[in-house]
$ cat my_file_31.txt   # compact mmCIF, C-alpha atoms
# COMPACT_ATOMS: atom_id res chain seq x y z
CA MET A 1 203.04 38.32 8.01
CA SER A 2 202.59 37.84 11.74
CA GLN A 3 202.58 41.61 12.21
CA ARG A 4 199.74 41.91 9.76
CA PHE A 5 197.82 39.19 11.51
CA PHE A 6 198.42 40.96 14.83
CA SER A 7 197.13 44.30 13.58
CA LYS A 8 194.07 42.56 12.15
CA VAL A 9 193.33 40.97 15.52
CA LEU A 10 193.78 44.33 17.24
CA GLY A 11 191.39 45.97 14.81
CA PHE A 12 188.86 43.24 15.37
CA ILE A 13 189.08 43.64 19.15
CA GLY A 14 188.67 47.38 18.76
CA TYR A 15 185.50 46.91 16.73
CA ALA A 16 184.20 44.35 19.20
CA VAL A 17 184.74 46.75 22.11
CA GLN A 18 183.12 49.59 20.20
CA TYR A 19 180.01 47.63 19.28
CA GLY A 20 179.82 46.11 22.74
CA CYS A 21 179.79 49.59 24.23
CA ILE A 22 177.14 50.78 21.76
CA ALA A 23 175.02 47.74 22.65
CA HIS A 24 175.45 48.45 26.35
CA CYS A 25 174.34 52.06 25.92
CA THR A 26 171.33 51.01 23.85
CA PHE A 27 170.19 48.42 26.36
CA GLU A 28 170.90 50.69 29.30
CA TYR A 29 169.46 53.98 28.06
CA VAL A 30 166.95 53.16 25.32
CA GLY A 31 165.34 49.82 25.99
CA GLU A 32 165.53 46.10 25.70
CA PHE A 33 163.49 43.03 24.84
CA VAL A 34 162.37 40.92 27.73
CA VAL A 35 160.82 37.46 27.81
CA CYS A 36 158.33 37.34 30.65
CA SER A 37 157.70 34.19 32.56
CA GLY A 38 155.22 33.42 35.24
CA PRO A 39 151.50 33.87 35.67
CA SER A 40 151.52 36.99 37.85
CA MET A 41 150.65 39.46 35.08
CA GLU A 42 147.91 37.43 33.37
CA PRO A 43 145.80 38.30 31.45
CA THR A 44 147.80 41.35 30.32
CA ILE A 45 151.05 39.48 29.82
CA ALA A 46 151.01 35.69 29.64
CA ASN A 47 153.85 33.29 30.19
CA HIS A 48 156.66 33.50 27.58
CA ASP A 49 155.42 36.73 26.04
CA VAL A 50 158.08 39.01 24.61
CA VAL A 51 157.80 42.67 25.56
CA PHE A 52 159.84 45.78 24.91
CA SER A 53 160.86 47.70 28.01
CA GLU A 54 162.03 51.26 27.62
CA ARG A 55 164.48 52.83 30.04
CA LEU A 56 163.93 56.51 29.44
CA SER A 57 160.92 57.19 31.61
CA ARG A 58 162.70 55.59 34.53
CA ARG A 59 165.72 57.84 34.02
CA LEU A 60 163.48 60.91 33.68
CA TYR A 61 161.38 59.88 36.70
CA ARG A 62 158.21 59.72 34.61
CA ILE A 63 156.81 56.44 35.92
CA GLU A 64 153.09 56.84 36.51
CA LYS A 65 150.33 54.91 38.17
CA GLY A 66 149.07 52.11 35.95
CA ASP A 67 152.38 51.60 34.12
CA ILE A 68 153.79 48.11 33.94
CA VAL A 69 157.41 48.09 35.05
CA ILE A 70 160.29 45.66 35.23
CA ALA A 71 162.10 45.88 38.53
CA LYS A 72 164.74 43.98 40.43
CA SER A 73 163.26 41.78 43.09
CA PRO A 74 163.92 43.36 46.50
CA PHE A 75 164.98 40.01 47.95
CA ASP A 76 167.09 38.72 45.10
CA PRO A 77 168.76 41.39 42.94
CA LYS A 78 169.59 38.89 40.20
CA MET A 79 165.92 38.22 39.53
CA ASN A 80 163.59 40.60 37.77
CA ILE A 81 159.91 41.03 38.41
CA CYS A 82 157.27 42.47 36.10
CA LYS A 83 154.41 44.22 37.87
CA ARG A 84 152.00 47.11 37.56
CA VAL A 85 152.55 50.33 39.52
CA ILE A 86 149.53 50.78 41.77
CA GLY A 87 150.73 53.66 43.88
CA LEU A 88 153.54 56.22 43.88
CA GLU A 89 155.06 57.88 46.93
CA GLY A 90 152.47 59.51 49.12
CA ASP A 91 149.54 57.55 47.68
CA LYS A 92 147.25 55.57 49.89
CA VAL A 93 147.05 51.95 48.82
CA CYS A 94 145.02 49.08 50.01
CA THR A 95 147.00 46.18 51.32
CA SER A 96 145.51 42.85 52.09
CA GLY A 97 148.77 41.30 53.17
CA PRO A 98 150.77 41.73 56.35
CA LEU A 99 151.79 45.27 57.18
CA ASP A 100 155.34 44.61 58.26
CA PRO A 101 157.16 43.74 55.03
CA PHE A 102 159.83 41.64 56.70
CA LYS A 103 157.92 39.85 59.39
CA THR A 104 156.02 37.15 57.58
CA HIS A 105 157.88 36.85 54.40
CA THR A 106 157.76 33.58 52.52
CA PHE A 107 159.77 33.81 49.39
CA ASP A 108 160.34 30.70 47.36
CA GLN A 109 162.03 31.50 44.10
CA SER A 110 158.76 32.34 42.57
CA GLN A 111 158.11 34.07 39.43
CA ASP A 112 156.23 30.95 38.46
CA GLY A 113 154.33 31.44 41.69
CA THR A 114 152.78 28.01 41.52
CA SER A 115 153.46 27.04 45.09
CA HIS A 116 152.33 30.38 46.38
CA HIS A 117 149.37 30.94 48.51
CA ILE A 118 148.37 34.45 49.30
CA ASN A 119 146.36 34.78 52.38
CA ILE A 120 143.74 37.41 51.67
CA GLN A 121 142.55 38.73 54.96
CA SER A 122 139.03 39.89 55.42
CA ARG A 123 139.92 43.27 56.81
CA TRP A 124 141.33 45.82 54.40
CA LEU A 125 144.27 47.87 55.53
CA TYR A 126 145.42 51.10 53.96
CA ILE A 127 148.97 52.34 54.09
CA THR A 128 150.71 55.35 52.60
CA VAL A 129 153.55 54.53 50.23
CA PRO A 130 156.73 56.02 51.77
CA ARG A 131 158.99 58.53 50.04
CA GLY A 132 161.02 57.17 47.16
CA HIS A 133 159.01 53.97 46.94
CA VAL A 134 156.32 52.53 44.68
CA TRP A 135 153.62 49.96 45.27
CA LEU A 136 153.71 47.13 42.74
CA GLU A 137 151.06 44.50 42.14
CA GLY A 138 150.55 41.84 39.52
CA ASP A 139 147.38 41.86 37.46
CA ASN A 140 146.65 38.32 38.52
CA LEU A 141 145.86 39.16 42.11
CA LYS A 142 145.30 35.56 43.12
CA ASN A 143 148.68 34.35 41.89
CA SER A 144 151.22 37.08 42.33
CA THR A 145 153.96 37.77 44.85
CA ASP A 146 154.09 41.52 45.03
CA SER A 147 154.01 44.51 47.35
CA ARG A 148 151.11 42.98 49.26
CA CYS A 149 153.63 40.39 50.37
CA TYR A 150 156.87 42.35 50.70
CA GLY A 151 155.74 45.93 51.06
CA PRO A 152 156.62 48.99 49.01
CA VAL A 153 159.59 48.71 46.64
CA PRO A 154 162.28 51.43 46.30
CA TYR A 155 162.07 53.37 43.05
CA GLY A 156 165.74 52.68 42.41
CA LEU A 157 164.94 49.03 41.75
CA ILE A 158 162.79 49.85 38.73
CA GLN A 159 164.63 48.92 35.54
CA GLY A 160 162.25 49.97 32.82
CA ARG A 161 158.70 50.53 31.71
CA VAL A 162 157.04 47.93 29.52
CA CYS A 163 155.53 49.80 26.59
CA LEU A 164 154.96 47.28 23.82
CA LYS A 165 154.11 43.65 23.51
CA LEU A 166 155.79 42.01 20.52
CA TRP A 167 154.98 38.34 20.82
CA PRO A 168 152.58 36.52 20.32
CA PRO A 169 151.73 38.41 17.09
CA HIS A 170 147.95 38.17 17.32
CA ASN A 171 147.77 40.51 20.27
CA ALA A 172 150.95 42.49 19.77
CA GLY A 173 150.82 46.21 20.36
CA VAL A 174 150.20 48.43 23.33
CA LEU A 175 149.29 46.81 26.60
CA HIS A 176 145.83 46.78 28.07
CA GLU A 177 144.71 48.68 31.11
CA SER A 178 144.65 46.87 34.40
CA PRO A 179 141.73 44.46 34.73
CA ASN A 180 141.50 45.38 38.41
CA THR A 181 140.87 49.08 37.94
CA GLY A 182 139.52 49.40 41.44
CA ARG A 183 142.99 48.76 42.85
CA ILE A 184 144.38 52.03 41.54
CA LEU A 185 142.98 54.75 43.71
CA ARG A 186 142.63 58.05 41.91
CA THR A 187 142.68 61.15 44.03
CA GLU A 188 140.09 63.38 42.49
CA MET B 1 186.74 76.37 -2.77
CA ALA B 2 185.62 72.86 -3.49
CA GLN B 3 188.78 71.63 -1.84
CA THR B 4 188.04 73.40 1.45
CA ALA B 5 184.49 72.07 1.43
CA GLY B 6 185.87 68.56 0.96
CA LEU B 7 188.31 69.13 3.79
CA GLY B 8 185.53 70.37 6.06
CA ARG B 9 183.45 67.34 5.26
CA LYS B 10 186.40 65.11 6.02
CA TYR B 11 186.89 66.74 9.40
CA LEU B 12 183.20 66.51 10.15
CA LYS B 13 183.20 62.85 9.27
CA ALA B 14 186.21 62.18 11.48
CA PHE B 15 184.59 64.10 14.31
CA VAL B 16 181.30 62.22 14.04
CA SER B 17 182.95 58.82 13.87
CA GLY B 18 185.18 59.70 16.82
CA PHE B 19 182.16 60.88 18.71
CA PHE B 20 180.35 57.61 18.10
CA VAL B 21 183.31 55.74 19.51
CA ALA B 22 184.19 57.96 22.45
CA VAL B 23 180.75 58.53 23.94
CA PRO B 24 179.58 54.90 24.16
CA VAL B 25 182.96 53.73 25.40
CA THR B 26 183.04 56.38 28.13
CA VAL B 27 179.48 55.69 29.21
CA THR B 28 180.11 51.96 29.33
CA VAL B 29 183.28 52.37 31.36
CA LEU B 30 181.46 54.62 33.83
CA ASP B 31 178.55 52.18 34.06
CA ARG B 32 180.43 48.92 34.22
CA LEU B 33 183.98 49.45 35.41
CA ALA B 34 184.60 52.51 37.50
CA TYR B 35 182.94 55.75 38.43
CA VAL B 36 184.40 58.83 40.04
CA ALA B 37 182.35 60.75 42.57
CA ARG B 38 182.80 63.58 45.02
CA VAL B 39 181.73 62.87 48.59
CA GLU B 40 179.53 65.48 50.18
CA GLY B 41 178.51 65.78 53.77
CA ALA B 42 179.88 64.69 57.10
CA SER B 43 178.22 61.31 57.46
CA MET B 44 181.37 59.27 56.77
CA GLN B 45 183.79 61.22 58.97
CA PRO B 46 186.54 60.41 59.81
CA SER B 47 187.05 57.93 56.96
CA LEU B 48 185.99 60.37 54.25
CA ASN B 49 185.87 64.16 54.35
CA PRO B 50 187.89 64.39 57.62
CA GLN B 51 188.15 68.15 57.36
CA GLY B 52 184.44 68.66 57.05
CA ALA B 53 183.30 71.38 54.73
CA LEU B 54 186.84 72.62 54.01
CA SER B 55 187.59 69.97 51.45
CA SER B 56 185.65 67.12 49.99
CA ASP B 57 187.19 63.85 48.95
CA VAL B 58 186.85 62.35 45.51
CA VAL B 59 186.54 58.58 45.52
CA LEU B 60 186.85 55.95 42.83
CA LEU B 61 183.82 53.66 42.85
CA ASN B 62 184.58 50.21 41.57
CA ARG B 63 181.47 49.06 39.75
CA TRP B 64 182.93 45.89 38.30
CA SER B 65 183.46 44.28 41.70
CA VAL B 66 179.79 44.66 42.64
CA ARG B 67 178.40 43.29 39.37
CA ASN B 68 177.37 40.10 41.19
CA TYR B 69 176.25 42.03 44.27
CA GLU B 70 179.12 40.66 46.36
CA VAL B 71 180.29 42.91 49.16
CA GLN B 72 181.99 42.31 52.50
CA ARG B 73 181.22 43.69 55.89
CA GLY B 74 183.22 46.86 56.33
CA ASP B 75 183.32 47.89 52.67
CA ILE B 76 182.37 51.45 51.86
CA VAL B 77 179.69 51.31 49.19
CA SER B 78 177.55 53.76 47.29
CA VAL B 79 173.86 52.99 47.16
CA VAL B 80 170.89 54.63 45.45
CA SER B 81 169.04 56.27 48.31
CA PRO B 82 165.81 54.41 49.08
CA LYS B 83 164.17 57.68 50.08
CA ASN B 84 165.24 59.71 47.07
CA PRO B 85 166.12 57.79 43.90
CA LYS B 86 167.83 60.84 42.40
CA GLN B 87 170.49 60.75 45.07
CA LYS B 88 173.26 58.31 45.87
CA ILE B 89 174.54 57.84 49.37
CA ILE B 90 177.90 56.48 50.48
CA LYS B 91 177.99 54.36 53.64
CA ARG B 92 179.79 51.46 55.28
CA VAL B 93 178.36 47.94 55.08
CA ILE B 94 177.78 46.77 58.65
CA ALA B 95 175.83 43.56 58.17
CA LEU B 96 174.97 41.25 55.30
CA GLU B 97 171.86 39.16 54.75
CA GLY B 98 171.07 36.85 57.65
CA ASP B 99 173.11 38.74 60.25
CA PHE B 100 171.62 39.88 63.52
CA ILE B 101 172.47 43.44 64.34
CA LYS B 102 171.86 45.69 67.30
CA THR B 103 170.44 48.88 65.89
CA MET B 104 170.93 52.43 67.07
CA GLY B 105 167.66 54.26 67.07
CA TYR B 106 165.73 52.09 64.60
CA LYS B 107 162.20 51.04 65.47
CA ASN B 108 163.31 47.54 66.49
CA ARG B 109 166.23 47.14 68.86
CA TYR B 110 167.51 43.97 67.19
CA VAL B 111 167.08 43.26 63.52
CA ARG B 112 167.81 40.27 61.33
CA VAL B 113 168.89 41.61 57.96
CA PRO B 114 166.50 40.02 55.42
CA ASP B 115 167.67 38.06 52.40
CA GLY B 116 169.03 40.23 49.62
CA HIS B 117 169.49 43.21 51.89
CA LEU B 118 172.35 45.12 53.52
CA TRP B 119 172.63 47.08 56.73
CA ILE B 120 174.59 50.25 56.04
CA GLU B 121 175.69 52.96 58.43
CA GLY B 122 177.74 56.10 58.25
CA ASP B 123 180.85 56.29 60.42
CA HIS B 124 179.69 59.52 61.99
CA HIS B 125 176.91 58.22 64.20
CA GLY B 126 174.15 60.69 64.83
CA HIS B 127 175.03 62.75 61.76
CA SER B 128 174.23 60.11 59.24
CA PHE B 129 171.07 59.24 57.38
CA ASP B 130 171.47 55.48 57.20
CA SER B 131 169.85 52.12 57.92
CA ASN B 132 169.06 53.25 61.45
CA THR B 133 166.58 55.61 59.82
CA PHE B 134 165.25 53.74 56.81
CA GLY B 135 166.03 50.13 57.66
CA PRO B 136 167.88 47.54 55.60
CA VAL B 137 168.44 48.40 51.94
CA SER B 138 167.96 46.04 49.05
CA LEU B 139 171.08 44.77 47.30
CA GLY B 140 169.57 45.83 44.00
CA LEU B 141 170.20 49.45 44.96
CA LEU B 142 173.94 48.86 45.23
CA HIS B 143 175.83 51.20 42.91
CA GLY B 144 179.54 50.72 43.53
CA ARG B 145 182.25 49.98 46.06
CA ALA B 146 184.56 52.82 47.03
CA SER B 147 188.04 51.43 46.41
CA HIS B 148 190.35 54.45 46.43
CA ILE B 149 190.44 58.03 47.56
CA ILE B 150 191.91 59.86 44.59
CA TRP B 151 191.64 63.49 45.60
CA PRO B 152 193.08 65.48 47.42
CA PRO B 153 196.46 64.03 46.38
CA ASN B 154 197.91 63.90 49.89
CA ARG B 155 195.09 61.58 50.91
CA TRP B 156 195.57 59.21 47.97
CA GLN B 157 195.02 55.74 49.40
CA ARG B 158 193.30 52.45 48.98
CA ILE B 159 190.23 51.99 51.13
CA ARG B 160 190.42 48.80 53.15
CA PRO B 161 187.32 47.18 54.58
CA CYS B 162 187.06 47.57 58.32
CA VAL B 163 184.11 47.07 60.63
CA PRO B 164 183.99 49.22 63.74
CA PRO B 165 184.56 46.74 66.60
CA ASP B 166 181.40 47.70 68.45
CA ARG B 167 179.25 47.31 65.35
CA ARG B 168 179.89 43.66 64.59
CA PRO B 169 176.87 41.45 64.01
CA LEU B 170 175.71 39.51 67.05
CA LEU B 171 175.19 36.15 65.43
CA ASN B 172 176.25 34.54 62.19
CA TRP B 173 179.73 35.90 62.72
CA GLY B 174 181.46 32.53 62.48
CA GLY B 175 182.10 32.70 58.74
CA SER B 176 183.75 36.05 59.00
CA THR B 177 186.47 35.26 61.51
CA GLU B 178 188.23 33.78 58.52
CA ASP B 179 188.09 37.15 56.83
CA ASP B 180 189.87 38.68 59.81
CA SER B 181 192.70 36.18 59.64
CA ASN B 182 193.03 36.78 55.92
CA ASP B 183 193.30 40.49 56.56
CA ASP B 184 196.09 39.85 59.06
CA ASN B 185 197.97 37.78 56.51
CA ASN B 186 197.64 40.51 53.94
CA ASN B 187 199.00 43.10 56.29
CA LYS B 188 202.14 41.13 57.15
$ encode --input "my_file_31.txt" --output "structure tokens"
Amino acid sequence: MSQRFFSKVLGFIGYAVQYGCIAHCTFEYVGEFVVCSGPSMEPTIANHDVVFSERLSRRLYRIEKGDIVIAKSPFDPKMNICKRVIGLEGDKVCTSGPLDPFKTHTFDQSQDGTSHHINIQSRWLYITVPRGHVWLEGDNLKNSTDSRCYGPVPYGLIQGRVCLKLWPPHNAGVLHESPNTGRILRTE
Amino acid sequence: MAQTAGLGRKYLKAFVSGFFVAVPVTVTVLDRLAYVARVEGASMQPSLNPQGALSSDVVLLNRWSVRNYEVQRGDIVSVVSPKNPKQKIIKRVIALEGDFIKTMGYKNRYVRVPDGHLWIEGDHHGHSFDSNTFGPVSLGLLHGRASHIIWPPNRWQRIRPCVPPDRRPLLNWGGSTEDDSNDDNNNK
């Protein structure tokens, strides 16, 4: 009797491990659902929207300019940020924040970004994104802590590319282009 | 004839079901628990690859112990290279967030490691592409902690954390004297 119970428990654990591993592989290599919070990507993604982020293009190094990505925050690896890729390595981007990413850094736990004040300087500075890095910006330029504040972000921090919006249902589907099209410099 | 076809189908079924168990479990173990990697290059001599190009060490990277991004000064860690996301580099952690460190050939002579970052260096100064070149690295790029050398067999050993005495952080060292005394206790 107890032996039978024991083998049943073992079988159950085996199944649990197997399905746990399958779930891990799916989330790690295919994609996952993410609830976004914070105003930094408005109007493309509003607070509490549910999006689907796919992992493949990150693994195949197919992230392009204009894609919305989920990345680990460079200053707190346990927090994720959702931003738009404005420049890839070698691109010239316009920065209106401080040049040195670590000198004047004020980071206060902010995906909600409410207490944030971004000091837009009158002079426009251009920098080249270094090798292996990307330049990320939120669509809501007035209320977003992004590369203008902390500089270019290593590509290795990118977790996935947001490809679909699933919730709210009335504007589910593919995501819109950036409202600030002038920020993405095309080299033609 | 029908019997052999049935047998073939049975084998195929067993193979497919085994495949669906083995692959996800292996991938999950490699992603979450432990990873085995060969060390290339001379940047970590003499700790790793002491014979140079003659033989290369194989190390076991413990991925479970870095799941919360907790490392100590002196640990040997593997990190996704900030300059080339397709490559992983293996270096020694010299300073954690908040430490002041005297750099060797970086643009600033003294650096405070920013929040959520690490200062990593190879043991072979001058032959290592490390934080003295690209600056502090984000904790989010952490990949694993090298815990054992597993090949060649005569070098099988556990890797203990040790900071080179001349590379200790200048300030913020108070908390870590405790670590030293703990190490002494362990060795007794």
$ atom_distance --input "my_file_31.txt" --atom1 "CA of Glu42 in chain A" --atom2 "CA of Leu141 in chain A"
9.1 Å
$ atom_distance --input "my_file_31.txt" --atom1 "CA of Asn68 in chain B" --atom2 "CA of Ser138 in chain B"
13.6 Å
$ closest_residue --input "my_file_31.txt" --among "A:Pro169, A:Gly11, A:Gly151, A:Gly156" --to "chain B" --atoms "all atoms listed in the file"
A:Gly156
$ closest_atom_pairs --input "my_file_31.txt" --of "chain B" --to "chain A" --cutoff "12 Å" --atoms "all atoms listed in the file" --output "tab-separated table"
residue	atom	partner	partner_atom	distance
B:Ser17	CA	A:Gln18	CA	11.2
B:Gly18	CA	A:Gln18	CA	10.9
B:Phe19	CA	A:Gln18	CA	11.4
B:Phe20	CA	A:Ile22	CA	8.4
B:Val21	CA	A:Gln18	CA	6.2
B:Ala22	CA	A:Gln18	CA	8.7
B:Val23	CA	A:Ile22	CA	8.8
B:Pro24	CA	A:Cys21	CA	5.3
B:Val25	CA	A:Cys21	CA	5.3
B:Thr26	CA	A:Cys21	CA	8.5
B:Val27	CA	A:Cys25	CA	7.1
B:Thr28	CA	A:Cys21	CA	5.6
B:Val29	CA	A:Cys21	CA	8.4
B:Leu30	CA	A:Cys25	CA	10.9
B:Asp31	CA	A:His24	CA	9.1
B:Arg32	CA	A:His24	CA	9.3
B:Leu33	CA	A:Cys21	CA	11.9
B:Val66	CA	A:Pro77	CA	11.5
B:Arg67	CA	A:Lys78	CA	9.9
B:Asn68	CA	A:Lys78	CA	7.9
B:Tyr69	CA	A:Pro77	CA	7.6
B:Glu70	CA	A:Pro77	CA	10.9
B:Val79	CA	A:Gly156	CA	9.4
B:Val80	CA	A:Gly156	CA	6.3
B:Ser81	CA	A:Gly156	CA	7.7
B:Pro82	CA	A:Pro154	CA	5.4
B:Lys83	CA	A:Gly132	CA	4.3
B:Asn84	CA	A:Gly132	CA	4.9
B:Pro85	CA	A:Gly156	CA	5.3
B:Lys86	CA	A:Gly156	CA	8.4
B:Gln87	CA	A:Gly156	CA	9.7
B:Lys88	CA	A:Gly156	CA	10.0
B:Glu97	CA	A:Phe75	CA	9.7
B:Gly98	CA	A:Phe75	CA	11.9
B:Lys107	CA	A:Asp100	CA	11.8
B:Asn108	CA	A:Lys103	CA	11.8
B:Val111	CA	A:Phe102	CA	10.1
B:Arg112	CA	A:Phe102	CA	9.3
B:Val113	CA	A:Phe102	CA	9.1
B:Pro114	CA	A:Phe102	CA	7.0
B:Asp115	CA	A:Phe75	CA	5.6
B:Gly116	CA	A:Phe75	CA	4.4
B:His117	CA	A:Phe75	CA	6.8
B:Leu118	CA	A:Phe75	CA	10.6
B:Phe134	CA	A:Pro130	CA	10.2
B:Gly135	CA	A:Phe102	CA	10.6
B:Pro136	CA	A:Phe102	CA	10.0
B:Val137	CA	A:Pro74	CA	8.7
B:Ser138	CA	A:Pro74	CA	5.5
B:Leu139	CA	A:Pro77	CA	6.0
B:Gly140	CA	A:Pro77	CA	4.6
B:Leu141	CA	A:Gly156	CA	6.1
B:Leu142	CA	A:Pro77	CA	9.4
B:His143	CA	A:Gly156	CA	10.2
$ atom_distance --input "my_file_31.txt" --atom1 "CA of Ile86 in chain A" --atom2 "CA of Gly66 in chain A"
6.0 Å
$ residues_around --input "my_file_31.txt" --residues "range 159-168 of chain A" --least-positions-apart "6" --cutoff "8 Å" --atoms "only C-alpha atoms" --output "ChimeraX atom specification"
/A:31,49-58,63,67-72,174-175
$ closest_residue --input "my_file_31.txt" --among "B:Ile120, B:Val58, B:Ile90, B:Ala53" --to "Asn154 in chain B" --atoms "only C-alpha atoms"
B:Val58
$ residues_around --input "my_file_31.txt" --residues "Asp166 in chain B" --least-positions-apart "5" --cutoff "12 Å" --atoms "only C-alpha atoms" --output "list in words"
Ile94, Ile101, Lys102, Thr103, Met104 and Asp123 of chain B
